[in-house]
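The structure file query27.cif is reproduced below (mmCIF, C-alpha atoms).
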```
data_upload
loop_
_atom_site.label_atom_id
_atom_site.label_comp_id
_atom_site.auth_asym_id
_atom_site.auth_seq_id
_atom_site.Cartn_x
_atom_site.Cartn_y
_atom_site.Cartn_z
CA MET L 1095 0.00 0.00 0.00
CA ASN L 1096 1.24 3.46 -0.90
CA LYS L 1097 1.24 5.78 2.07
CA ILE L 1098 1.44 9.58 1.96
CA LYS L 1099 4.95 10.74 2.82
CA ILE L 1100 5.00 13.89 4.97
CA LYS L 1101 8.25 15.87 5.07
CA LYS L 1102 6.76 18.82 6.98
CA ILE L 1103 3.44 19.30 8.71
CA PRO L 1104 1.12 21.20 6.33
CA LYS L 1105 -0.54 24.30 7.76
CA THR L 1106 -1.95 26.36 4.89
CA ASP L 1107 -4.08 25.30 1.89
CA LEU L 1108 -1.03 25.72 -0.32
CA ASP L 1109 0.98 23.39 1.96
CA TYR L 1110 -1.64 20.70 1.31
CA VAL L 1111 -1.51 21.32 -2.44
CA GLU L 1112 2.26 20.92 -2.29
CA LEU L 1113 2.07 17.77 -0.16
CA TYR L 1114 -0.46 16.17 -2.51
CA ALA L 1115 1.49 17.09 -5.66
CA GLU L 1116 4.75 15.82 -4.16
CA ASN L 1117 3.19 12.45 -3.32
CA LEU L 1118 1.30 12.30 -6.61
CA LYS L 1119 4.58 12.00 -8.51
CA GLU L 1120 5.06 8.44 -7.35
CA ASN L 1121 1.76 7.25 -5.91
CA PRO L 1122 -0.71 5.90 -8.52
CA LYS L 1123 -3.39 5.49 -5.83
CA LEU L 1124 -3.72 9.27 -5.73
CA PHE L 1125 -4.48 9.41 -9.45
CA GLU L 1126 -7.23 6.84 -8.83
CA GLN L 1127 -8.73 9.16 -6.20
CA HIS L 1128 -8.35 12.07 -8.60
CA LYS L 1129 -10.37 10.17 -11.25
CA MET L 1130 -13.09 9.32 -8.71
CA LEU L 1131 -13.49 12.98 -7.74
CA ILE L 1132 -13.66 14.25 -11.33
CA ASP L 1133 -16.06 11.51 -12.46
CA SER L 1134 -18.26 12.13 -9.46
CA GLN L 1135 -18.45 15.86 -10.19
CA ILE L 1136 -19.52 15.19 -13.79
CA ARG L 1137 -22.20 12.72 -12.66
CA ALA L 1138 -23.53 15.19 -10.08
CA SER L 1139 -23.68 17.97 -12.65
CA LYS L 1140 -25.61 15.78 -15.10
CA SER L 1141 -28.20 14.84 -12.49
CA LEU L 1142 -28.55 18.46 -11.30
CA PHE L 1143 -29.84 19.64 -14.69
CA SER L 1144 -31.70 16.50 -15.75
CA ASN L 1145 -35.07 18.19 -15.08
CA PHE L 1146 -34.38 20.77 -17.82
CA GLY L 1147 -35.86 18.44 -20.47
CA LYS L 1148 -34.35 17.46 -23.81
CA GLY L 1149 -33.47 19.19 -27.07
CA GLN L 1150 -35.01 22.63 -27.61
CA GLU L 1151 -36.70 22.55 -24.19
CA PHE L 1152 -33.33 21.93 -22.52
CA LYS L 1153 -31.69 24.80 -24.39
CA LEU L 1154 -34.54 27.16 -23.47
CA ASN L 1155 -34.34 26.26 -19.78
CA ALA L 1156 -30.53 26.22 -19.78
CA ARG L 1157 -30.28 29.69 -21.33
CA LYS L 1158 -32.81 31.04 -18.84
CA TYR L 1159 -30.73 29.57 -16.01
CA LEU L 1160 -27.45 30.84 -17.48
CA ARG L 1161 -28.86 34.37 -17.81
CA GLY L 1162 -29.96 34.15 -14.19
CA VAL L 1163 -26.46 33.29 -12.97
CA GLY L 1164 -24.77 35.79 -15.27
CA LEU L 1165 -23.07 33.28 -17.58
CA LEU L 1166 -25.05 34.53 -20.58
CA GLU L 1167 -26.07 38.07 -21.58
CA MET Q 1092 10.15 4.69 -7.19
CA LYS Q 1093 9.22 5.50 -10.76
CA LYS Q 1094 7.68 8.89 -11.50
CA LEU Q 1095 4.14 8.93 -12.85
CA TYR Q 1096 5.15 11.15 -15.73
CA LYS Q 1097 7.95 11.10 -18.26
CA ILE Q 1098 9.12 13.06 -21.28
CA GLU Q 1099 9.22 11.30 -24.64
CA LYS Q 1100 10.13 13.19 -27.81
CA GLU Q 1101 9.29 16.49 -26.07
CA THR Q 1102 5.84 15.21 -25.08
CA ILE Q 1103 4.89 14.91 -21.41
CA ILE Q 1104 3.36 11.49 -20.81
CA ILE Q 1105 1.15 11.22 -17.71
CA LYS Q 1106 0.62 7.66 -16.47
CA ARG Q 1107 -3.02 7.59 -15.41
CA ASN Q 1108 -6.42 6.52 -16.74
CA LEU Q 1109 -8.78 8.87 -18.57
CA ASP Q 1110 -11.64 10.36 -16.57
CA GLU Q 1111 -14.97 11.74 -17.81
CA LEU Q 1112 -13.59 15.27 -18.12
CA ASP Q 1113 -10.75 14.02 -20.34
CA LYS Q 1114 -13.24 12.16 -22.54
CA PHE Q 1115 -15.36 15.29 -22.91
CA VAL Q 1116 -12.35 17.40 -23.96
CA LYS Q 1117 -11.04 14.62 -26.23
CA ASP Q 1118 -14.39 14.41 -28.07
CA PHE Q 1119 -14.47 18.18 -28.54
CA LEU Q 1120 -10.86 18.35 -29.77
CA GLU Q 1121 -11.41 15.57 -32.29
CA ILE Q 1122 -13.89 17.87 -34.04
CA LEU Q 1123 -12.06 21.16 -33.45
CA LYS Q 1124 -8.76 19.81 -34.84
CA LYS Q 1125 -10.39 19.10 -38.22
CA HIS Q 1126 -11.07 22.82 -38.59
CA SER Q 1127 -8.51 24.76 -36.59
CA ASP Q 1128 -5.44 24.84 -34.40
CA TYR Q 1129 -5.96 25.33 -30.65
CA LEU Q 1130 -4.34 25.52 -27.22
CA ILE Q 1131 -5.80 24.35 -23.92
CA VAL Q 1132 -5.03 26.78 -21.08
CA SER Q 1133 -5.81 27.42 -17.42
CA GLY Q 1134 -7.60 24.98 -15.06
CA PHE Q 1135 -7.59 21.88 -17.26
CA VAL Q 1136 -3.78 22.06 -17.51
CA SER Q 1137 -3.52 21.62 -13.75
CA ILE Q 1138 -6.42 19.21 -13.39
CA SER Q 1139 -5.22 16.91 -16.18
CA THR Q 1140 -1.84 16.71 -14.45
CA GLY Q 1141 -3.35 15.69 -11.14
CA ARG Q 1142 -4.65 18.79 -9.37
CA THR Q 1143 -7.68 17.49 -7.53
CA ARG Q 1144 -10.33 20.14 -7.82
CA ALA Q 1145 -13.64 20.56 -9.58
CA THR Q 1146 -14.14 22.67 -12.68
CA GLU Q 1147 -17.06 23.72 -14.81
CA ASP Q 1148 -15.24 24.87 -17.88
CA VAL Q 1149 -12.24 24.07 -20.03
CA ASP Q 1150 -10.57 27.08 -21.67
CA ILE Q 1151 -9.38 26.67 -25.25
CA LEU Q 1152 -7.64 29.36 -27.29
CA VAL Q 1153 -8.61 29.30 -30.98
CA PRO Q 1154 -7.36 31.75 -33.61
CA VAL Q 1155 -10.16 33.88 -35.06
CA LEU Q 1156 -11.76 31.93 -37.91
CA THR Q 1157 -13.38 33.29 -41.04
CA LYS Q 1158 -17.16 33.19 -41.12
CA GLU Q 1159 -17.07 30.23 -43.54
CA LYS Q 1160 -14.57 28.24 -41.48
CA PHE Q 1161 -16.48 28.94 -38.30
CA GLU Q 1162 -19.72 27.79 -39.92
CA GLU Q 1163 -18.11 24.46 -40.87
CA LEU Q 1164 -16.78 23.96 -37.33
CA PHE Q 1165 -20.05 25.02 -35.69
CA ASN Q 1166 -22.16 22.67 -37.83
CA ASP Q 1167 -19.74 19.80 -37.22
CA LEU Q 1168 -20.02 20.34 -33.46
CA ILE Q 1169 -23.83 20.42 -33.60
CA GLU Q 1170 -23.89 17.24 -35.73
CA ASN Q 1171 -21.69 15.59 -33.11
CA ASN Q 1172 -24.00 16.33 -30.19
CA PHE Q 1173 -22.64 19.58 -28.82
CA TRP Q 1174 -24.69 22.74 -28.32
CA CYS Q 1175 -23.67 26.36 -28.00
CA TYR Q 1176 -24.85 28.54 -25.11
CA GLN Q 1177 -24.87 31.67 -27.29
CA GLY Q 1178 -27.09 30.49 -30.15
CA ASN Q 1179 -28.41 27.75 -32.40
CA ASN Q 1180 -26.87 28.79 -35.69
CA SER Q 1181 -23.42 29.85 -36.75
CA LYS Q 1182 -24.49 33.21 -38.16
CA GLU Q 1183 -25.80 34.55 -34.86
CA VAL Q 1184 -22.86 33.09 -32.91
CA TYR Q 1185 -20.22 34.39 -35.33
CA SER Q 1186 -20.89 37.96 -34.14
CA TYR Q 1187 -19.26 36.95 -30.82
CA ILE Q 1188 -16.18 35.59 -32.61
CA LYS Q 1189 -15.91 38.75 -34.72
CA ASN Q 1190 -15.95 40.83 -31.54
CA MET Q 1191 -13.39 38.50 -29.90
CA ASP Q 1192 -15.93 37.47 -27.25
CA ASN Q 1193 -15.80 34.00 -25.74
CA ILE Q 1194 -18.48 31.42 -26.48
CA ARG Q 1195 -19.30 28.12 -24.76
CA PHE Q 1196 -20.13 24.63 -25.93
CA ALA Q 1197 -21.43 21.69 -23.90
CA ARG Q 1198 -22.71 18.23 -24.77
CA LYS Q 1199 -26.30 18.10 -26.00
CA ASP Q 1200 -28.77 18.25 -23.08
CA GLU Q 1201 -25.98 19.00 -20.62
CA MET Q 1202 -24.77 22.23 -19.06
CA PHE Q 1203 -21.46 21.33 -17.46
CA PRO Q 1204 -18.68 20.77 -18.17
CA ASN Q 1205 -18.41 23.22 -21.03
CA ILE Q 1206 -15.72 24.40 -23.38
CA GLU Q 1207 -14.94 28.11 -23.14
CA PHE Q 1208 -13.93 28.89 -26.71
CA ILE Q 1209 -11.61 31.92 -26.63
CA PRO Q 1210 -10.90 33.65 -29.95
CA ILE Q 1211 -7.41 35.11 -30.19
CA ASP Q 1212 -5.32 37.03 -32.68
CA LYS Q 1213 -1.87 38.64 -32.62
CA SER Q 1214 -3.19 41.67 -30.71
CA ARG Q 1215 -3.38 39.45 -27.60
CA LYS Q 1216 0.39 39.20 -27.28
CA ALA Q 1217 0.81 36.87 -24.31
CA LYS Q 1218 -1.99 34.57 -25.41
CA TYR Q 1219 -0.66 34.49 -28.96
CA TYR Q 1220 2.84 33.72 -27.66
CA GLU Q 1221 1.72 30.69 -25.66
CA PHE Q 1222 -0.47 29.59 -28.57
CA SER Q 1223 2.62 29.69 -30.84
CA HIS Q 1224 4.82 27.73 -28.39
CA PRO Q 1225 2.76 24.67 -27.46
CA GLN Q 1226 3.80 21.83 -25.18
CA LYS Q 1227 2.36 18.42 -26.04
CA ILE Q 1228 0.94 16.27 -23.29
CA LYS Q 1229 -0.39 12.72 -23.55
CA ILE Q 1230 -2.59 10.59 -21.29
CA LYS Q 1231 -3.23 7.11 -22.74
CA ASP Q 1232 -4.40 7.82 -26.34
CA PHE Q 1233 -5.43 11.41 -25.56
CA GLU Q 1234 -2.84 13.89 -26.82
CA PHE Q 1235 -3.37 17.64 -26.59
CA LYS Q 1236 -1.50 20.94 -26.53
CA ILE Q 1237 -0.95 23.21 -23.54
CA PRO Q 1238 1.31 26.25 -22.99
CA PRO Q 1239 4.89 25.77 -21.82
CA LEU Q 1240 4.58 24.82 -18.13
CA GLU Q 1241 6.65 27.80 -16.96
CA PHE Q 1242 4.39 30.15 -18.95
CA GLU Q 1243 1.21 28.62 -17.51
CA ILE Q 1244 2.57 28.91 -13.96
CA LEU Q 1245 3.59 32.55 -14.34
CA TYR Q 1246 0.34 33.50 -16.08
CA LYS Q 1247 -1.57 32.19 -13.09
CA GLU Q 1248 0.76 33.85 -10.58
CA ILE Q 1249 1.05 37.25 -12.30
CA ILE Q 1250 -2.16 37.79 -14.30
CA LEU Q 1251 -4.94 35.59 -12.91
CA THR Q 1252 -3.87 35.62 -9.22
CA GLY Q 1253 -7.09 34.08 -7.83
CA LYS Q 1254 -6.85 31.63 -4.94
CA LYS Q 1255 -7.45 28.61 -7.17
CA ASP Q 1256 -4.97 29.95 -9.74
CA ILE Q 1257 -2.23 30.30 -7.14
CA ALA Q 1258 -2.98 26.77 -5.93
CA ASP Q 1259 -2.91 25.48 -9.52
CA ALA Q 1260 0.48 27.14 -10.02
CA LYS Q 1261 1.77 25.59 -6.80
CA HIS Q 1262 0.61 22.17 -8.00
CA LEU Q 1263 2.41 22.57 -11.33
CA ARG Q 1264 5.58 23.90 -9.67
CA THR Q 1265 5.67 20.92 -7.31
CA PHE Q 1266 4.56 18.11 -9.61
CA PHE Q 1267 6.92 19.13 -12.42
CA SER Q 1268 9.74 20.48 -10.22
CA GLU Q 1269 12.36 18.26 -11.91
CA ILE Q 1270 11.74 19.57 -15.43
CA LEU Q 1271 10.99 23.28 -14.91
CA ASP Q 1272 13.60 25.61 -16.38
CA GLU Q 1273 14.56 28.81 -14.49
CA ASN Q 1274 15.73 30.49 -17.70
CA LYS Q 1275 12.33 30.00 -19.26
CA PHE Q 1276 10.68 31.59 -16.21
CA LYS Q 1277 12.83 34.71 -16.75
CA GLU Q 1278 12.07 34.79 -20.48
CA TYR Q 1279 8.30 34.34 -20.07
CA GLU Q 1280 7.99 36.79 -17.18
CA LYS Q 1281 8.95 39.66 -19.51
CA ILE Q 1282 6.39 38.60 -22.12
CA ILE Q 1283 3.59 38.25 -19.58
CA LYS Q 1284 4.36 41.55 -17.83
CA ASP Q 1285 4.39 43.34 -21.21
CA GLU Q 1286 0.77 42.29 -21.83
#
```
What do you get writing this file as structure tokens?
Amino acid sequence: MNKIKIKKIPKTDLDYVELYAENLKENPKLFEQHKMLIDSQIRASKSLFSNFGKGQEFKLNARKYLRGVGLLE
Amino acid sequence: MKKLYKIEKETIIIKRNLDELDKFVKDFLEILKKHSDYLIVSGFVSISTGRTRATEDVDILVPVLTKEKFEELFNDLIENNFWCYQGNNSKEVYSYIKNMDNIRFARKDEMFPNIEFIPIDKSRKAKYYEFSHPQKIKIKDFEFKIPPLEFEILYKEIILTGKKDIADAKHLRTFFSEILDENKFKEYEKIIKDE
């Protein structure tokens, strides 16, 4: 089993980013976790907007939503 | 222990499996590449090299296309199950490209992730520089172009400067520490600060 190697105790967010990236170089388990997180985000996003319908109806609802959140003029 | 990336013929090879975000970008690029050159920048550069954070969009620089070329690309994307936030036909969407405004594409009946399609020309000096000096990266059978790593890091640290950008830069600095070139940092810093 690949364990995380800690050279110094992380304190800030950036310390954690550094710790993760340092271990990621040699630990394939971390890339498996990375894939799980990304795939899970995509699945969640799909289910969040699944009630917007299909085709033209989806586009209509999506554009209304996007205008509401400022992603579309 | 062996590193999970290596350099082969100037291409960075990352040893990991493709995730759903990679597959989305790969599908988009397979169509885009038939019509235009491109460069992937910003968040996806860090995420594809292991930065573990969520993203909603993937930024791609594309040189400004003629109306005819854009129409061919747009129709190809629609035929291949993408849709454009800004409009349903190429004529109405081309006005954005002409004005150098970004547009977004997602898969049919989906909102996120999306491709932020960023038109560029030589007037955008820093962006045009990175576009003209691509670094190839490969994950399994998915090969794509990103800016030189040093350029991407500095752009995030000097221009973007948001919390996630600084963290992305830290990730790239750490993960690729063995191959980053100090001379390139000096060279690119001038170009970016001139923007």
Exercise for review: Could you tell me which residues the PyMOL selection byres ((chain L and resi 1113-1125) around 6) grabs in this file, written as number ranges by chain?
Suggested key: L: 1110-1112, 1126-1128; Q: 1094-1095, 1262, 1265-1266
Practice item. With a distance threshold of 10 Å and counting only C-alpha atoms, extract the residues of chain Q near chain L and express them as a count of residues only. Key: 52
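Nearest to Ile1244 of chain Q of all the residues Q:Glu1170, Q:Asn1193, Q:Val1132, Q:Ile1209 is Q:Val1132, counting only C-alpha atoms.
Taking atom CA of Ile1228 of chain Q and atom CA of Ile1103 of chain Q as the two end points, the separation is 4.6 Å.
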Box in all listed atoms of segment 1104-1122 of chain L, axis-aligned, with 3 Å more on each side; write out centre and edge lengths in Å to one decimal as JSON.
```
{"center_x": 0.5, "center_y": 16.1, "center_z": -0.4, "size_x": 15.1, "size_y": 26.5, "size_z": 22.3}
```
Exercise for review: Evaluate the PyMOL selection byres ((chain Q and resi 1133) around 10) and record the selected residues as a VMD selection string, following the chain and residue labels used in the document.
Suggested key: chain Q and resid 1131 to 1132 1134 to 1138 1148 to 1151 1237 to 1238 1243 to 1244 1246 to 1247 1251 1256 1259 to 1260
Practice item. Using the chain letters and residue numbers of this document, give as a list in words the residues selected by the PyMOL selection byres ((chain Q and resi 1236) around 6). Key: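 Against this file, the PyMOL selection byres ((chain Q and resi 1236) around 6) returns the residues Leu1130, Pro1225, Gln1226, Lys1227, Phe1235 and Ile1237 of chain Q.
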Exercise for review: Please identify all polymer residues within 9 Å of Ile1282 of chain Q, counting all atoms listed in the file, omitting same-chain residues fewer than 6 positions from it, and present them as a PyMOL selection string.
Suggested key: chain Q and resi 1216-1217+1220
